[in-house]
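Next comes protein_25.cif, with mmCIF, C-alpha atoms (C1' of nucleotides).
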```cif
data_query
#
loop_
_atom_site.label_atom_id
_atom_site.label_comp_id
_atom_site.auth_asym_id
_atom_site.auth_seq_id
_atom_site.Cartn_x
_atom_site.Cartn_y
_atom_site.Cartn_z
CA MET A 1 2.86 -293.69 -53.55
CA SER A 2 1.72 -291.63 -50.59
CA ARG A 3 -1.46 -290.91 -48.77
CA PRO A 4 -3.29 -288.03 -50.46
CA ARG A 5 -4.26 -284.89 -48.57
CA GLU A 6 -7.82 -285.05 -47.33
CA PHE A 7 -8.53 -281.32 -47.20
CA ASP A 8 -8.64 -278.68 -49.89
CA VAL A 9 -5.76 -276.28 -49.30
CA ASP A 10 -7.38 -273.46 -51.22
CA ARG A 11 -10.62 -273.87 -49.39
CA ALA A 12 -8.82 -273.84 -46.05
CA LEU A 13 -7.00 -270.69 -47.09
CA HIS A 14 -10.26 -268.97 -47.94
CA GLN A 15 -11.76 -270.00 -44.64
CA SER A 16 -8.69 -268.76 -42.79
CA LEU A 17 -8.95 -265.48 -44.64
CA GLU A 18 -12.48 -265.06 -43.30
CA VAL A 19 -11.32 -265.58 -39.75
CA PHE A 20 -8.29 -263.30 -40.01
CA TRP A 21 -10.44 -260.68 -41.68
CA THR A 22 -12.97 -260.71 -38.89
CA LYS A 23 -10.64 -261.00 -35.91
CA GLY A 24 -7.27 -259.72 -37.03
CA PHE A 25 -3.97 -261.56 -36.76
CA LYS A 26 -3.24 -261.32 -33.07
CA SER A 27 -6.76 -262.12 -31.93
CA THR A 28 -7.02 -265.15 -34.14
CA THR A 29 -5.80 -268.26 -32.39
CA PHE A 30 -4.63 -271.29 -34.22
CA GLU A 31 -7.59 -273.05 -32.70
CA ASP A 32 -9.89 -270.57 -34.45
CA LEU A 33 -8.26 -271.61 -37.69
CA THR A 34 -8.50 -275.32 -37.11
CA HIS A 35 -12.10 -274.85 -36.09
CA ALA A 36 -12.97 -272.78 -39.16
CA THR A 37 -11.18 -275.06 -41.57
CA GLN A 38 -12.00 -278.32 -39.79
CA VAL A 39 -8.42 -279.27 -40.44
CA LYS A 40 -6.26 -280.48 -37.61
CA LYS A 41 -3.35 -278.42 -36.39
CA GLN A 42 -0.51 -280.49 -37.70
CA SER A 43 -2.12 -280.83 -41.12
CA LEU A 44 -2.23 -277.06 -41.41
CA TYR A 45 1.35 -276.83 -40.23
CA CYS A 46 2.28 -279.31 -42.93
CA VAL A 47 1.08 -276.95 -45.66
CA PHE A 48 1.68 -273.55 -44.09
CA LYS A 49 4.86 -272.86 -42.24
CA ASN A 50 3.13 -271.20 -39.34
CA LYS A 51 0.32 -268.87 -38.39
CA ARG A 52 2.05 -265.86 -39.87
CA ASP A 53 2.69 -267.61 -43.17
CA LEU A 54 -0.95 -268.56 -43.39
CA PHE A 55 -1.88 -264.97 -42.65
CA LEU A 56 0.38 -263.56 -45.33
CA LYS A 57 -1.01 -266.00 -47.89
CA ALA A 58 -4.53 -264.99 -46.91
CA LEU A 59 -3.59 -261.35 -47.31
CA ALA A 60 -2.21 -261.97 -50.78
CA LEU A 61 -5.32 -263.90 -51.72
CA TYR A 62 -7.49 -261.02 -50.57
CA ARG A 63 -5.49 -258.57 -52.62
CA GLU A 64 -5.69 -260.73 -55.73
CA GLU A 65 -9.42 -261.11 -55.43
CA ARG A 66 -10.04 -257.43 -54.86
CA ILE A 67 -7.84 -256.42 -57.74
CA ALA A 68 -9.47 -258.98 -60.00
CA PHE A 69 -12.86 -257.53 -59.16
CA LEU A 70 -11.74 -253.97 -59.83
CA GLU A 71 -10.05 -254.90 -63.06
CA GLU A 72 -13.09 -256.71 -64.28
CA MET A 73 -15.10 -253.64 -63.40
CA ALA A 74 -12.68 -251.31 -65.16
CA SER A 75 -12.82 -253.32 -68.36
CA ARG A 76 -16.61 -253.33 -68.64
CA GLU A 77 -18.24 -251.65 -71.58
CA VAL A 78 -20.03 -248.96 -69.60
CA SER A 79 -19.48 -245.27 -69.00
CA PRO A 80 -16.60 -244.40 -66.63
CA LEU A 81 -19.13 -242.71 -64.39
CA GLU A 82 -21.05 -245.91 -63.98
CA LYS A 83 -17.85 -247.72 -63.12
CA LEU A 84 -17.00 -245.15 -60.47
CA GLU A 85 -20.51 -245.35 -59.14
CA VAL A 86 -20.27 -249.07 -58.67
CA ILE A 87 -16.90 -248.70 -57.00
CA CYS A 88 -18.34 -246.04 -54.71
CA ASP A 89 -21.39 -248.10 -53.93
CA TYR A 90 -20.90 -249.31 -50.44
CA SER A 91 -23.31 -252.21 -50.74
CA GLN A 92 -20.79 -253.86 -52.98
CA TYR A 93 -18.27 -254.01 -50.15
CA GLN A 94 -20.60 -255.03 -47.45
CA ASN A 95 -21.11 -258.74 -47.08
CA LYS A 96 -22.84 -260.47 -44.19
CA GLU A 97 -23.73 -258.49 -41.13
CA THR A 98 -20.18 -258.32 -39.87
CA CYS A 99 -18.59 -254.90 -40.15
CA ARG A 100 -15.13 -256.05 -40.80
CA GLY A 101 -13.89 -253.28 -43.04
CA CYS A 102 -11.11 -253.85 -45.53
CA PHE A 103 -8.85 -256.73 -44.61
CA MET A 104 -5.85 -254.95 -46.07
CA ALA A 105 -6.55 -251.75 -44.16
CA ASN A 106 -7.21 -253.65 -40.95
CA SER A 107 -3.89 -255.41 -41.32
CA ALA A 108 -2.06 -252.21 -42.10
CA MET A 109 -3.52 -250.74 -38.95
CA GLU A 110 -2.71 -253.75 -36.86
CA PHE A 111 0.91 -254.05 -37.93
CA GLY A 112 1.80 -250.46 -38.59
CA ASN A 113 4.45 -250.01 -41.21
CA ASP A 114 7.32 -251.63 -39.37
CA ASP A 115 6.42 -255.10 -40.55
CA GLN A 116 8.13 -255.41 -43.90
CA GLU A 117 6.08 -258.20 -45.42
CA VAL A 118 2.71 -256.83 -44.41
CA TYR A 119 3.80 -253.37 -45.49
CA HIS A 120 4.77 -254.77 -48.86
CA GLU A 121 1.33 -256.34 -49.36
CA VAL A 122 -0.40 -253.13 -48.38
CA SER A 123 1.70 -250.97 -50.69
CA LEU A 124 1.14 -253.37 -53.54
CA MET A 125 -2.60 -253.20 -53.02
CA PHE A 126 -2.53 -249.42 -52.79
CA GLU A 127 -0.59 -249.02 -55.99
CA ARG A 128 -2.70 -251.44 -57.96
CA VAL A 129 -5.99 -249.96 -56.80
CA GLU A 130 -4.89 -246.42 -57.50
CA CYS A 131 -3.66 -247.38 -60.90
CA ILE A 132 -7.02 -248.87 -61.83
CA LEU A 133 -8.91 -245.91 -60.42
CA GLU A 134 -6.68 -243.51 -62.31
CA LYS A 135 -7.42 -245.18 -65.59
CA ILE A 136 -11.16 -244.90 -65.09
CA ILE A 137 -10.88 -241.32 -63.93
CA ARG A 138 -8.79 -240.38 -66.95
CA GLU A 139 -11.48 -241.82 -69.17
CA GLY A 140 -14.02 -239.74 -67.27
CA GLN A 141 -11.96 -236.61 -67.68
CA GLU A 142 -11.55 -237.20 -71.39
CA GLN A 143 -15.30 -237.40 -71.70
CA GLY A 144 -15.71 -234.21 -69.68
CA LEU A 145 -17.51 -236.02 -66.89
CA VAL A 146 -14.89 -235.70 -64.21
CA THR A 147 -13.36 -232.41 -63.08
CA ASN A 148 -10.15 -231.34 -64.72
CA CYS A 149 -9.10 -229.11 -61.87
CA GLN A 150 -7.06 -231.99 -60.45
CA SER A 151 -4.95 -234.52 -62.25
CA SER A 152 -6.21 -238.07 -62.66
CA LYS A 153 -3.47 -239.19 -60.33
CA GLU A 154 -4.51 -236.79 -57.62
CA LEU A 155 -8.13 -237.77 -57.98
CA ALA A 156 -7.29 -241.45 -57.89
CA ALA A 157 -5.43 -240.98 -54.62
CA TYR A 158 -8.32 -238.87 -53.38
CA LEU A 159 -10.91 -241.48 -54.23
CA ASN A 160 -8.88 -244.32 -52.86
CA ASN A 161 -8.55 -242.40 -49.66
CA ALA A 162 -12.27 -241.76 -49.45
CA ILE A 163 -12.91 -245.47 -49.88
CA SER A 164 -10.36 -246.33 -47.21
CA GLY A 165 -12.10 -243.92 -44.90
CA ALA A 166 -15.41 -245.53 -45.65
CA ARG A 167 -14.08 -248.96 -44.84
CA TYR A 168 -12.82 -247.54 -41.59
CA MET A 169 -16.27 -246.12 -40.86
CA GLU A 170 -17.67 -249.56 -41.52
CA ARG A 171 -15.26 -251.13 -39.09
CA ALA A 172 -16.05 -248.43 -36.57
CA GLY A 173 -19.72 -249.33 -36.75
CA ALA A 174 -21.21 -246.54 -38.87
CA SER A 175 -24.57 -247.19 -40.51
CA ASN A 176 -24.92 -248.03 -44.18
CA GLU A 177 -26.63 -244.71 -44.77
CA GLN A 178 -23.76 -242.77 -43.24
CA ILE A 179 -21.20 -244.64 -45.26
CA ASN A 180 -23.12 -244.35 -48.48
CA ALA A 181 -23.65 -240.65 -47.92
CA VAL A 182 -19.96 -240.03 -47.48
CA LEU A 183 -19.00 -242.03 -50.54
CA HIS A 184 -21.67 -240.30 -52.55
CA THR A 185 -20.42 -236.88 -51.50
CA SER A 186 -16.86 -237.85 -52.35
CA PHE A 187 -18.03 -239.11 -55.71
CA THR A 188 -20.15 -236.04 -56.48
CA LEU A 189 -17.42 -233.57 -55.62
CA MET A 190 -15.08 -235.01 -58.19
CA LEU A 191 -17.52 -234.69 -61.05
CA ALA A 192 -17.29 -231.92 -63.60
CA LYS A 193 -19.82 -229.18 -62.90
CA ASN A 194 -21.98 -230.05 -65.88
CA ALA A 195 -22.09 -233.73 -64.96
CA ARG A 196 -23.48 -233.26 -61.45
CA MET B 1 -2.36 -240.87 7.69
CA SER B 2 -1.10 -242.94 4.83
CA ARG B 3 1.89 -243.15 2.62
CA PRO B 4 1.48 -240.81 -0.37
CA ARG B 5 1.69 -242.04 -3.93
CA GLU B 6 5.12 -241.52 -5.39
CA PHE B 7 4.16 -241.33 -9.04
CA ASP B 8 2.00 -238.89 -10.94
CA VAL B 9 -1.10 -240.73 -12.10
CA ASP B 10 -1.82 -238.31 -14.89
CA ARG B 11 1.70 -238.49 -16.16
CA ALA B 12 1.60 -242.28 -16.10
CA LEU B 13 -1.65 -242.18 -18.02
CA HIS B 14 -0.12 -239.98 -20.69
CA GLN B 15 2.85 -242.26 -21.00
CA SER B 16 0.59 -245.27 -21.26
CA LEU B 17 -1.37 -243.52 -23.96
CA GLU B 18 1.81 -243.15 -25.98
CA VAL B 19 2.53 -246.84 -25.74
CA PHE B 20 -1.00 -247.96 -26.54
CA TRP B 21 -1.09 -245.54 -29.44
CA THR B 22 2.07 -246.90 -30.94
CA LYS B 23 1.53 -250.59 -30.32
CA GLY B 24 -2.22 -251.09 -29.93
CA PHE B 25 -3.93 -252.81 -27.04
CA LYS B 26 -3.13 -256.44 -27.68
CA SER B 27 0.48 -255.88 -28.58
CA THR B 28 1.16 -253.78 -25.53
CA THR B 29 2.25 -255.88 -22.60
CA PHE B 30 1.90 -254.76 -19.05
CA GLU B 31 5.65 -254.77 -18.93
CA ASP B 32 5.69 -252.20 -21.73
CA LEU B 33 3.54 -250.02 -19.53
CA THR B 34 5.61 -250.41 -16.40
CA HIS B 35 8.69 -249.71 -18.45
CA ALA B 36 7.23 -246.57 -20.05
CA THR B 37 5.84 -245.22 -16.82
CA GLN B 38 8.64 -246.41 -14.58
CA VAL B 39 5.92 -247.45 -12.18
CA LYS B 40 5.89 -250.94 -10.78
CA LYS B 41 3.15 -253.35 -11.75
CA GLN B 42 1.25 -253.45 -8.50
CA SER B 43 1.28 -249.68 -8.17
CA LEU B 44 -0.40 -249.38 -11.54
CA TYR B 45 -2.89 -252.04 -10.59
CA CYS B 46 -3.65 -250.05 -7.45
CA VAL B 47 -4.82 -247.09 -9.50
CA PHE B 48 -6.16 -248.76 -12.62
CA LYS B 49 -8.25 -251.84 -12.34
CA ASN B 50 -6.44 -253.66 -15.11
CA LYS B 51 -4.83 -253.25 -18.49
CA ARG B 52 -8.13 -252.69 -20.21
CA ASP B 53 -9.21 -250.03 -17.74
CA LEU B 54 -5.96 -248.20 -18.28
CA PHE B 55 -6.48 -248.46 -22.01
CA LEU B 56 -9.99 -247.06 -21.88
CA LYS B 57 -8.84 -244.16 -19.74
CA ALA B 58 -6.05 -243.45 -22.22
CA LEU B 59 -8.56 -243.53 -25.04
CA ALA B 60 -10.79 -241.03 -23.28
CA LEU B 61 -7.81 -238.81 -22.60
CA TYR B 62 -6.87 -238.87 -26.26
CA ARG B 63 -10.38 -237.92 -27.28
CA GLU B 64 -10.52 -235.04 -24.84
CA GLU B 65 -7.21 -233.65 -26.02
CA ARG B 66 -8.09 -233.93 -29.70
CA ILE B 67 -11.47 -232.31 -29.17
CA ALA B 68 -9.94 -229.55 -27.10
CA PHE B 69 -7.51 -228.81 -29.90
CA LEU B 70 -10.24 -228.72 -32.54
CA GLU B 71 -12.48 -226.56 -30.41
CA GLU B 72 -9.72 -224.12 -29.75
CA MET B 73 -9.10 -224.03 -33.48
CA ALA B 74 -12.77 -223.53 -34.29
CA SER B 75 -13.07 -220.60 -31.94
CA ARG B 76 -10.12 -218.67 -33.36
CA GLU B 77 -10.72 -215.32 -34.97
CA VAL B 78 -9.67 -216.30 -38.46
CA SER B 79 -11.49 -217.11 -41.67
CA PRO B 80 -13.23 -220.48 -41.78
CA LEU B 81 -11.05 -221.41 -44.71
CA GLU B 82 -7.96 -220.89 -42.67
CA LYS B 83 -9.38 -223.09 -39.96
CA LEU B 84 -10.12 -225.85 -42.43
CA GLU B 85 -6.69 -225.49 -43.89
CA VAL B 86 -5.05 -225.99 -40.54
CA ILE B 87 -7.27 -229.00 -39.87
CA CYS B 88 -6.37 -230.43 -43.27
CA ASP B 89 -2.70 -229.76 -42.77
CA TYR B 90 -1.18 -233.10 -42.16
CA SER B 91 1.91 -231.74 -40.45
CA GLN B 92 -0.28 -230.87 -37.50
CA TYR B 93 -1.10 -234.52 -36.95
CA GLN B 94 2.30 -235.88 -37.47
CA ASN B 95 4.46 -236.00 -34.39
CA LYS B 96 7.75 -237.83 -34.09
CA GLU B 97 8.84 -240.17 -36.83
CA THR B 98 6.43 -242.89 -35.81
CA CYS B 99 3.54 -243.34 -38.18
CA ARG B 100 0.98 -244.25 -35.63
CA GLY B 101 -2.12 -242.79 -37.21
CA CYS B 102 -5.09 -241.80 -35.12
CA PHE B 103 -5.27 -243.62 -31.83
CA MET B 104 -9.05 -243.65 -31.95
CA ALA B 105 -9.14 -245.06 -35.46
CA ASN B 106 -6.49 -247.64 -34.63
CA SER B 107 -8.53 -248.77 -31.67
CA ALA B 108 -11.74 -248.90 -33.67
CA MET B 109 -9.94 -251.07 -36.17
CA GLU B 110 -8.42 -253.30 -33.54
CA PHE B 111 -11.62 -253.93 -31.62
CA GLY B 112 -14.20 -253.74 -34.37
CA ASN B 113 -17.58 -252.59 -33.22
CA ASP B 114 -18.44 -255.50 -31.00
CA ASP B 115 -16.65 -254.03 -28.01
CA GLN B 116 -19.23 -251.78 -26.41
CA GLU B 117 -16.96 -249.52 -24.44
CA VAL B 118 -14.44 -248.93 -27.19
CA TYR B 119 -17.26 -248.44 -29.65
CA HIS B 120 -18.78 -245.84 -27.37
CA GLU B 121 -15.54 -243.87 -27.22
CA VAL B 122 -15.16 -243.99 -30.98
CA SER B 123 -18.72 -242.86 -31.65
CA LEU B 124 -18.35 -240.04 -29.17
CA MET B 125 -15.21 -238.86 -30.91
CA PHE B 126 -16.83 -239.11 -34.32
CA GLU B 127 -19.85 -237.09 -33.32
CA ARG B 128 -17.87 -234.38 -31.62
CA VAL B 129 -15.41 -233.97 -34.45
CA GLU B 130 -18.12 -233.84 -37.07
CA CYS B 131 -20.06 -231.33 -35.06
CA ILE B 132 -17.06 -229.01 -34.88
CA LEU B 133 -16.28 -229.46 -38.56
CA GLU B 134 -19.87 -228.76 -39.47
CA LYS B 135 -19.87 -225.49 -37.62
CA ILE B 136 -16.77 -224.29 -39.46
CA ILE B 137 -18.13 -225.47 -42.80
CA ARG B 138 -21.42 -223.68 -42.23
CA GLU B 139 -19.49 -220.49 -41.57
CA GLY B 140 -17.61 -221.08 -44.81
CA GLN B 141 -20.81 -221.64 -46.74
CA GLU B 142 -22.37 -218.49 -45.35
CA GLN B 143 -19.38 -216.56 -46.59
CA GLY B 144 -19.65 -218.20 -50.00
CA LEU B 145 -16.28 -219.89 -49.62
CA VAL B 146 -17.47 -223.47 -49.39
CA THR B 147 -19.68 -225.17 -51.93
CA ASN B 148 -23.42 -225.12 -51.31
CA CYS B 149 -24.09 -228.16 -53.47
CA GLN B 150 -23.91 -230.31 -50.33
CA SER B 151 -25.19 -229.62 -46.86
CA SER B 152 -22.79 -228.67 -44.10
CA LYS B 153 -23.58 -231.98 -42.44
CA GLU B 154 -22.71 -233.95 -45.54
CA LEU B 155 -19.52 -232.03 -46.02
CA ALA B 156 -18.54 -232.47 -42.40
CA ALA B 157 -18.94 -236.23 -42.70
CA TYR B 158 -17.05 -236.08 -45.97
CA LEU B 159 -14.15 -234.15 -44.51
CA ASN B 160 -13.99 -236.27 -41.40
CA ASN B 161 -13.82 -239.30 -43.63
CA ALA B 162 -11.03 -237.84 -45.70
CA ILE B 163 -9.06 -237.15 -42.55
CA SER B 164 -9.66 -240.69 -41.27
CA GLY B 165 -8.42 -241.99 -44.57
CA ALA B 166 -5.33 -239.85 -44.29
CA ARG B 167 -4.56 -241.16 -40.84
CA TYR B 168 -4.92 -244.63 -42.24
CA MET B 169 -2.48 -243.77 -45.02
CA GLU B 170 -0.11 -242.55 -42.35
CA ARG B 171 -0.40 -245.79 -40.46
CA ALA B 172 0.05 -247.71 -43.68
CA GLY B 173 3.33 -245.91 -44.29
CA ALA B 174 2.48 -243.36 -46.97
CA SER B 175 4.82 -240.40 -47.41
CA ASN B 176 4.00 -236.96 -46.08
CA GLU B 177 3.71 -235.69 -49.64
CA GLN B 178 1.14 -238.32 -50.55
CA ILE B 179 -0.91 -237.65 -47.46
CA ASN B 180 -0.78 -233.90 -47.88
CA ALA B 181 -1.77 -234.19 -51.52
CA VAL B 182 -4.83 -236.23 -50.69
CA LEU B 183 -5.94 -233.90 -47.94
CA HIS B 184 -5.35 -230.92 -50.17
CA THR B 185 -7.45 -232.41 -52.94
CA SER B 186 -10.23 -233.22 -50.49
CA PHE B 187 -10.07 -229.68 -49.19
CA THR B 188 -10.02 -228.07 -52.63
CA LEU B 189 -12.97 -230.06 -53.93
CA MET B 190 -15.24 -228.78 -51.22
CA LEU B 191 -14.52 -225.14 -51.94
CA ALA B 192 -16.96 -222.96 -53.85
CA LYS B 193 -15.87 -222.47 -57.46
CA ASN B 194 -14.90 -218.85 -56.95
CA ALA B 195 -12.83 -219.64 -53.87
CA ARG B 196 -10.53 -222.15 -55.53
"C1'" DC C 1 0.04 -308.51 -49.22
"C1'" DT C 2 3.92 -305.77 -48.13
"C1'" DT C 3 6.38 -301.63 -48.24
"C1'" DT C 4 6.92 -296.87 -48.55
"C1'" DT C 5 5.41 -292.50 -48.09
"C1'" DT C 6 2.87 -288.89 -46.34
"C1'" DC C 7 -1.18 -287.44 -43.83
"C1'" DT C 8 -3.55 -287.31 -39.37
"C1'" DT C 9 -4.12 -287.06 -34.48
"C1'" DG C 10 -3.75 -285.75 -29.88
"C1'" DA C 11 -0.61 -285.24 -26.34
"C1'" DC C 12 3.30 -282.50 -25.01
"C1'" DT C 13 6.56 -278.49 -24.48
"C1'" DT C 14 7.79 -273.99 -24.18
"C1'" DG C 15 7.17 -269.30 -23.63
"C1'" DA C 16 4.70 -265.28 -22.72
"C1'" DT C 17 1.72 -262.48 -20.08
"C1'" DA C 18 -2.23 -260.82 -17.14
"C1'" DG C 19 -3.15 -260.64 -12.73
"C1'" DT C 20 -2.34 -261.88 -7.38
"C1'" DC C 21 -0.07 -262.32 -2.89
"C1'" DA C 22 2.36 -261.32 1.02
"C1'" DA C 23 6.14 -259.04 2.98
"C1'" DT C 24 8.20 -254.53 3.49
"C1'" DA C 25 8.65 -249.45 3.42
"C1'" DA C 26 7.09 -244.91 4.06
"C1'" DT C 27 4.29 -241.39 5.83
"C1'" DA C 28 0.78 -238.80 8.56
"C1'" DA C 29 -2.06 -238.53 12.76
"C1'" DC C 30 -2.07 -238.94 17.46
"C1'" DG D 1 7.61 -242.69 19.14
"C1'" DT D 2 3.74 -245.55 18.04
"C1'" DT D 3 0.17 -246.90 15.12
"C1'" DA D 4 -2.65 -247.16 11.25
"C1'" DT D 5 -2.87 -246.91 6.56
"C1'" DT D 6 -1.54 -247.21 2.03
"C1'" DA D 7 2.31 -247.59 -1.50
"C1'" DT D 8 5.88 -250.47 -3.16
"C1'" DT D 9 8.24 -254.60 -4.44
"C1'" DG D 10 9.41 -258.85 -6.44
"C1'" DA D 11 8.15 -263.38 -6.44
"C1'" DC D 12 4.44 -266.32 -7.66
"C1'" DT D 13 0.38 -268.38 -10.23
"C1'" DA D 14 -2.64 -269.51 -13.69
"C1'" DT D 15 -3.83 -269.34 -18.31
"C1'" DC D 16 -3.46 -269.51 -22.91
"C1'" DA D 17 -1.53 -270.14 -27.28
"C1'" DA D 18 2.13 -271.34 -30.77
"C1'" DG D 19 4.61 -274.75 -32.31
"C1'" DT D 20 6.67 -279.85 -31.93
"C1'" DC D 21 6.78 -284.84 -31.55
"C1'" DA D 22 5.94 -289.42 -32.24
"C1'" DA D 23 2.70 -292.96 -32.93
"C1'" DG D 24 -0.83 -294.58 -35.89
"C1'" DA D 25 -3.72 -294.55 -40.28
"C1'" DA D 26 -4.40 -294.57 -45.10
"C1'" DA D 27 -3.34 -295.06 -49.70
"C1'" DA D 28 -0.46 -296.17 -53.88
"C1'" DA D 29 3.12 -299.07 -56.06
"C1'" DG D 30 5.13 -303.29 -56.70
#
```
Could the structure of this file be written out as structure tokens, please?
Amino acid sequence: MSRPREFDVDRALHQSLEVFWTKGFKSTTFEDLTHATQVKKQSLYCVFKNKRDLFLKALALYREERIAFLEEMASREVSPLEKLEVICDYSQYQNKETCRGCFMANSAMEFGNDDQEVYHEVSLMFERVECILEKIIREGQEQGLVTNCQSSKELAAYLNNAISGARYMERAGASNEQINAVLHTSFTLMLAKNAR
Amino acid sequence: MSRPREFDVDRALHQSLEVFWTKGFKSTTFEDLTHATQVKKQSLYCVFKNKRDLFLKALALYREERIAFLEEMASREVSPLEKLEVICDYSQYQNKETCRGCFMANSAMEFGNDDQEVYHEVSLMFERVECILEKIIREGQEQGLVTNCQSSKELAAYLNNAISGARYMERAGASNEQINAVLHTSFTLMLAKNAR
DNA sequence: CTTTTTCTTGACTTGATAGTCAATAATAAC
DNA sequence: GTTATTATTGACTATCAAGTCAAGAAAAAG
């Protein structure tokens, strides 16, 4: 009955995510988005309420994709140590030459915690990631590979924090070697003595 | 010969720093600055070339003050462990109720590493902080208090990263307990076995 | 082929904000 | 007191970006 949409909404969302990730919310103009998506302004406005709405949807998409990756990783049939090693391997985070850090962390930094919706996304991500990490760490502890001096929960928060820091280093322009070194140290220190 | 300035430049700079720290560069309007400093627009423009110049000077001021604090701490006549404990004590970072994180980290996040001048400030800060941390850690290692499994340089980068992560958590709205727990875990894991 | 519906397009509006200008005020040197 | 110099002030300008509007285009249904 009606004229069908000519552009792929999901594709446009992914492209917008890339832009927001690289430039942040404030620095991204709507023109940047129309340019990246090759979709005209009004067409985007038809689907997404406004720039902020598009941003929030991109943020949620990012979270879902990250979590999906981590969950897939967690469910693999390999030793918990190997899982942690992959998670602590910086090269897995780094795509392209752009040092854009973690989109979620960048957004948390940009908005602070006074923006309810962004804050909600960030918390959600935090919780989910820590939960997955904790499960892997618990496995590692049960197998005597990870130190028992701290609880799995403490270590999960610890590791998550180390990764956040690393993403910050990335954003701040640190070299791959520096970042990898830090993650490796953080990883090593949480191992049981006999597993080092 | 001429009419003297009525406002204290240094005081205005400090006040501007507060605003930039809380809101970031982009989100701070010049009006915010005139309001915070109670100095009229043109008077600020007389002293500082523009908003960006004022921002960069605030950033440098922040770095100097942080470094001064850490250096004072490093030179105290207490055990290296005590020094590290103070540095890892989140309550020392936290002022007011505002969760504004580390101004340097926030700025690094906001600008990415494509802005040369901001990047320079951030790198400078990084290097200086790590250098101070390394010195304390080396002391700790010599006294058998800090693990020798990693070099002092590695551990300094590690600790700096953990602190960055913690400031990010702060910005992202984590509770004091959560932040303290993470820092405490990071601190504990770098201790020698007998010092735990 | 006509009608209906929704997409597309570019021009337009509105609002915010960085930075400028020119008139005025205040002070120190002479 | 006069003059020269610089600070102060508020109005002004220019720019840019988000969001709106209305006309036109395209497709599906009958």
| Residues selected by the PyMOL selection byres ((chain B) within 12 of (chain C)), written as number ranges by chain | B: 1-6, 26-32, 41-42, 44-46, 49-52
Written file, previous selection with C-alpha atoms, as a compact mmCIF listing (two decimals), in the frame of the given file:
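Here's the written file again-v7.txt:
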```
# COMPACT_ATOMS: atom_id res chain seq x y z
CA MET B 1 -2.36 -240.87 7.69
CA SER B 2 -1.10 -242.94 4.83
CA ARG B 3 1.89 -243.15 2.62
CA PRO B 4 1.48 -240.81 -0.37
CA ARG B 5 1.69 -242.04 -3.93
CA GLU B 6 5.12 -241.52 -5.39
CA LYS B 26 -3.13 -256.44 -27.68
CA SER B 27 0.48 -255.88 -28.58
CA THR B 28 1.16 -253.78 -25.53
CA THR B 29 2.25 -255.88 -22.60
CA PHE B 30 1.90 -254.76 -19.05
CA GLU B 31 5.65 -254.77 -18.93
CA ASP B 32 5.69 -252.20 -21.73
CA LYS B 41 3.15 -253.35 -11.75
CA GLN B 42 1.25 -253.45 -8.50
CA LEU B 44 -0.40 -249.38 -11.54
CA TYR B 45 -2.89 -252.04 -10.59
CA CYS B 46 -3.65 -250.05 -7.45
CA LYS B 49 -8.25 -251.84 -12.34
CA ASN B 50 -6.44 -253.66 -15.11
CA LYS B 51 -4.83 -253.25 -18.49
CA ARG B 52 -8.13 -252.69 -20.21
```
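In this structure, the chain D residues at most 9 Å away from chain B are DA4, DT5, DT6, DA7, DT8 and DT9 of chain D, with all atoms listed in the file considered.
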Quick check: residues of chain A within 6 Å of chain B, only C-alpha atoms, returned as a PDB file with C-alpha atoms, in the frame of the given file.
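Saved the output as selection-v8.pdb:
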```pdb
ATOM      1  CA  ALA A 108      -2.060-252.210 -42.100  1.00  0.00           C
ATOM      2  CA  GLY A 112       1.800-250.460 -38.590  1.00  0.00           C
ATOM      3  CA  ASN A 113       4.450-250.010 -41.210  1.00  0.00           C
ATOM      4  CA  TYR A 158      -8.320-238.870 -53.380  1.00  0.00           C
ATOM      5  CA  ASN A 161      -8.550-242.400 -49.660  1.00  0.00           C
ATOM      6  CA  ALA A 162     -12.270-241.760 -49.450  1.00  0.00           C
ATOM      7  CA  SER A 164     -10.360-246.330 -47.210  1.00  0.00           C
ATOM      8  CA  GLY A 165     -12.100-243.920 -44.900  1.00  0.00           C
ATOM      9  CA  ARG A 171     -15.260-251.130 -39.090  1.00  0.00           C
ATOM     10  CA  ALA A 172     -16.050-248.430 -36.570  1.00  0.00           C
ATOM     11  CA  GLY A 173     -19.720-249.330 -36.750  1.00  0.00           C
ATOM     12  CA  VAL A 182     -19.960-240.030 -47.480  1.00  0.00           C
ATOM     13  CA  LEU A 189     -17.420-233.570 -55.620  1.00  0.00           C
TER      14      LEU A 189
END
```
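Interatomic distance, atom CA of B:Leu33 to atom C1' of D:DC12: 20.2 Å.
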| said: Between B:Ala36, B:His14, B:Leu84, B:Leu70, which residue has the minimum interatomic distance to B:Phe55, considering all atoms listed in the file? | reply: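 Ranked by minimum distance to B:Phe55, first place goes to B:His14.
Separating atom CA of B:Phe69 from atom CA of B:Lys135 is a distance of 14.9 Å.
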| field | Distance of atom CA of B:Glu134 from atom CA of B:Leu81, expressed in Å to one decimal place | value |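 Computed distance, atom CA of B:Leu81 to atom CA of B:Glu134, equals 12.6 Å.
When the PyMOL selection byres ((chain B and resi 67) around 12) is evaluated on the file shown here, the picked residues come out as Ala60, Leu61, Tyr62, Arg63, Glu64, Glu65, Arg66, Ala68, Phe69, Leu70, Glu71, Glu72, Met73, Ala74, Ile87, Met104, Leu124, Met125, Phe126, Glu127, Arg128, Val129, Glu130, Cys131, Ile132 and Leu133 of chain B.
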Around all the atoms of stretch 2-20 of chain C listed in the file, draw an axis-aligned box and extend it by 4 Å on each of the six sides; I want its centre and edge lengths in Å to one decimal, as JSON.
```
{"center_x": 1.8, "center_y": -283.2, "center_z": -28.0, "size_x": 19.9, "size_y": 53.1, "size_z": 49.2}
```
